[in-house]
Amino acid sequence: MATLAVASAIAMLFMRNAVHSALMLIVNFFCIAVFFLTLGSAFLFVVQIIVYAGAIMVLFLFVIMLLGVDRQEDLHERIPGQRWIAILLGVGLVAEVVAAVRLGLGLSTGHAARLEALNRGGNVRALAAVLFNQYFFPFEVTSILLIVAAVGVVLLGRRQAGDVAGTRPTAAGATAGRPRGAGGATGAGLEPGGDLEPVP
Amino acid sequence: MGLIPLVPLFPLAAAVILLLTGKWWRGRSAGWFATAAIAASFCVAVALLAKLDAMPAAHRELARHLYEWITVGTFTVGVTFQVDPLSIVMALTVTGIGSLIFLYSIGYMNGDERYTRYFAYLSLFVFFMLTLVLADNFLLLYVGWEGVGLCSYLLIGFWFERASAAAAAKKAFIVTRIGDAAFLIGIVLVWMHFHTLEFSAVFARAGSAAFTTGTATAIALLFLAGAAGKSAQLPLHTWLPDAMEGPTPVSALIHAATMVTAGVYLIVRSLPIIEQSPDAMTVIAVLGVVTSIYAGLSAIGQDDIKRVLAYSTISQVGLMLFAAGLGDASAAIFLLVAHAFFKALLFLSAGSVIHGLHDEQDMMRMGGLRRAMPFTAVAWIIGALAIAGIPPLSGFFAKDEAVAAAGLLGRYGLWVCGLIASFLTAIYIGRATFMVFFGAPRYEGAPHEPGSVMRVPMGILAFGTLFAGVLGISPTTGILPTFLGAPEFPANAPSEFALDTVAVVIALLGLGLAWFTYGSGRIDWVALRVRFAWVKRPLERGLYVDDAYAVVFGDGGKLSAAALAAFDRRGIDGLVGLVARATGSLASAGRRIQTGLVRTYAAAFLLGAVCVLWLLAARAT
Amino acid sequence: MKTPTEWYLVVSAVLFTIGTVGVLVRRNALVIFMSIELQLNAVNLSLVAFSRQWGNLVGQALAFFSMTVAAAEVVVGLAIIVALYRKRGTANVDDASLLRW
């Protein structure tokens with residue numbers, strides 16, 4: 001399971017097509033959901049699949065399709081040394097965390113038995129008890145947050161004057177203004193833009 | 001007692017009045033006014049002499065305190081004029097010869113557009129010179145010392161429209177400045193040791209054991225440096241030949257009779273200190289005689305009549321220092337007085353010749369002038385015989401007394417050197433005499449004798465030159481030596497008569513050689529000049545001492561100035577520019593961090609996070 | 001035998017790192033966003049693992065909240081990306097470099 005999770009994550013990284021990346025991410029989410037299950041949280045197992053894999057990734061796919069950025073992305077790295085830095089720092093990060101965990105916890109299973117006891121009446125019931133008693137206030141605030149997010153998205157999604165490119169432009173008249181890369185045409189060792197043309 | 005301040009005050013008043021009211025004097029009246037002032041000073045000085053003479057020998061001193069000039073803690077200096085035998089002799093010389101020269105100037109400077117200012121400067125000079133000789137402490141003497149330097153600058157550069165005159169004035173001031181600096185250090189040393197600057201106090205304590213020979217030598221040598229500057233001795237003599245750019249009366253007064261003798265006065269006055277260091281005395285004597293010989297040689301090579309006299313002055317002052325260094329103060333002063341007479345006479349005669357030939361100073365364009373200007377010729381010849389040391393003129397008594405002092409003290413090496421100097425003196429003055437007044441005329445135009453206003457002073461000086469020898473017929477019992485304090489000679493000294501005879505023979509030999517070469521017509525000395533130009537040229541250039549100074553100090557100074565300027569431009573400005581450029585480069589390099597790309601910023605975040613985690617992990621373990 | 005918590009945490013760290021590398025390496029804004037989601041998930045995983053470790057449900061509750069907030073964030077983020085695409089015509093992150101020197 002763990003191997004699958006990691007493999008799908010790495011695959012997501014290497015996919016040239018954005019849709020393929022999204023699909024790999026979905027696989028990854030499923031693996032994590034299974035992890036949740038094995039860790040004694042049936043509720044989160046379900047919620048993960050429904051919310052993350054079901055809602056969020058679907059949204060992602062919608063936008064990818066909408067914007068038409070699913071073409072093959074050029075994998076040539078334009079910032080010198082970026083890949084090396086990323087790998088180096090990544091390895092460093094993992095090493096540190098592993099070391100910390102090893103030092104802190106070691107190979108222990110903790111109080112797994114206690115958790116099982118709590119889950120006796122079902123994980124949902126147990127979680128609800130915590131959620132509506134201890135974390136009631138954050139719960140309400142989170143709902144407000146969701147409403148605000150919805151309103152914000154509506155606002156952000158409006159079409160405005162000066163839009164260079166809409167979503168997939170129709171063949172009729174979308175050559176109004178070739179989208180040029182925004183600024184930075186004089187970078188040393190870097191030429192941003194130019195790998196993107198409006199799809200006729 | 002109120003007489004004493006009048007001596008310097010009359011010339012000072014004349015100077016101030018003439019400076020303030022310059023434009024209102026018509027014709028030659030300014031000249032008569034100034035002459036009257038200095039003549040009045042002379043009369044007061046004579047009165048003081050009489051007063052002094054009436055006093056017993058050991059206590060011949062009068063003083064007049066005017067006011068306290070400086071009081072700073074324990075350092076007090078007062079303006080006090082004192083009159084004692086030495087200073088009254090000097091004052092009489094200054095005012096006496098000065099009056100005659102003032103009189104001469106009335107005629108010589110007639111028609112000059114800055115006539116009044118000339119007499120103002122001259123009177124100011126006399127005031128400072130009198131301050132110098134009448135001061136009772138070193139600081140007041142130094143005031144006079146500096147003042148005469150200033151007036152010398154003003155008067156040498158009197159015709160400042162001539163670039164050479166302005167340059168000569170600057171040169172005089174700067175070269176004497178070097179000596180002045182040394183003198184001032186010497187004064188400071190005196191203060192440091194004696195805690196007073198008054199002569200009486202200092203000289204009274206000079207003999208004490210606490211006053212080490214080392215300190216005495218230091219002070220003596222520093223004073224000698226000052227005297228060398230002011231009196232134009234080696235190595236600070238280079239300004240005097242160039243100072244002849246000034247009007248001839250100025251040369252006569254300042255650079256023959258008075259200012260150049262200020263150094264001798266200083267040494268003689270400070271003998272109580274200097275005598276504590278026998279080494280310093282020897283140095284003074286040796287320097288004097290070496291300068292004398294050097295200047296004598298240089299005088300032989302000169303073609304400008306005034307430059308001959310200038311080098312002659314250097315030579316004679318060298319002999320004065322020679323005598324002072326031997327300890328014979330009265331001989332030095334006697335020579336000073338006699339020299340004032342005959343040198344002034346020679347200069348005034350030269351001025352008469354120059355005036356008569358319409359500003360011609362080159363001896364090659366003179367010759368046979370005794371027929372056209374007989375009065376001047378006689379005056380000159382009297383002066384020439386005196387300086388050569390022919391009896392019974394004053395020069396014989398004075399100069400040969402100075403030289404003989406060496407023999408009488410048993411220092412025969414120095415005595416021979418003195419004789420060499422005398423020999424050279426005879427040669428150069430003989431050469432000048434025969435070139436100018438004898439032989440075939442080489443001049444143009446019709447020279448005429450000067451007016452009576454110029455001839456009267458010349459006559460009086462000639463009279464003095466002839467008979468002033470009476471003041472010191474014997475070095476031990478003459479009038480002047482007894483007045484000033486006679487020297488003591490060891491009992492086994494050779495007789496004066498023998499020494500003097502040798503000196504006269506040498507002088508006659510020199511004159512004879514000069515006559516043979518230049519006057520007898522048997523040698524074609526014009527051709528000789530060309531053939532021996534390789535000898536004459538170095539002599540004429542004063543053995544290239546001045547040229548050496550120009551290269552070492554002049555060019556060296558310019559080089560170092562250029563180097564410093566370059567350093568300032570490239571080094572210091574470069575440093576500042578470097579800072580600016582470095583800042584610029586640093587900024588240029590630094591701004592590349594701002595890539596504007598999100599991903600590099602993200603990388604930076606990650607780097608920071610990793611580092612923080614590392615720190616935490618390291619802390620925990 | 002139950003698996004030790006440590007392994008879950010290691011997996012979580014690895015997933016997190018992969019997500020970070022993804023943020024740094026990819027240029028497509030959407031893929032970067034997806035990598036961020038991966039990071040969030042990794043964190044959720046570790047939270048639940050700790051929940052089991054300490055034997056209470058606090059971790060699970062926190063993971064729950066995290067998911068919720070992540071959902072809201074995704075929504076807003078995607079809206080922003082869409083707006084940016086409309087304005088600039090590109091979803092390439094490197095093109096937004098006006099603040100470059």
# chains A, B, ... in the order shown; residues from 1 in each chain; ligands from 1
>>> select_by_dssp(residues="range 114-240 of chain B", states="alpha helix (DSSP H)", output="JSON, numbers by chain")
{"B": [115, 116, 117, 118, 119, 120, 121, 122, 123, 124, 125, 126, 127, 128, 129, 130, 131, 132, 133, 134, 138, 139, 140, 141, 142, 143, 144, 145, 146, 147, 148, 149, 150, 151, 152, 153, 154, 155, 156, 163, 164, 165, 166, 167, 168, 169, 170, 171, 172, 173, 174, 175, 176, 177, 178, 179, 180, 181, 182, 183, 184, 185, 186, 187, 188, 189, 190, 191, 192, 193, 194, 199, 200, 201, 202, 203, 204, 213, 214, 215, 216, 217, 218, 219, 220, 221, 222, 223, 224, 225, 226, 227, 228, 229, 230, 239, 240]}
>>> interface_residues(of="chain B", to="chain A", cutoff="10 Å", atoms="only C-alpha atoms", output="ChimeraX atom specification")
/B:592,595-597,599-600,602-604,606-611,613-614,616-618,620-621
>>> residues_around(residues="Ser35 in chain C", least_positions_apart="4", cutoff="12 Å", atoms="only C-alpha atoms", output="ChimeraX atom specification")
/A:9-14,18,21-22,24-26,28,57,60 /C:15-31,39-42,74
>>> closest_residue(among="C:Ser12, C:Thr5, C:Leu84, C:Val43", to="chain A", atoms="only C-alpha atoms")
C:Thr5
>>> interface_residues(of="chain C", to="chain A", cutoff="6 Å", atoms="only C-alpha atoms", output="list in words")
Pro4, Thr5, Glu6, Ala13, Thr17, Val21, Gly22, Arg52, Gln53, Trp54, Gly55, Asn56, Ala72, Val76, Ala79, Arg86, Lys87, Arg88, Gly89, Asp94, Asp95, Ala96, Ser97 and Leu98 of chain C
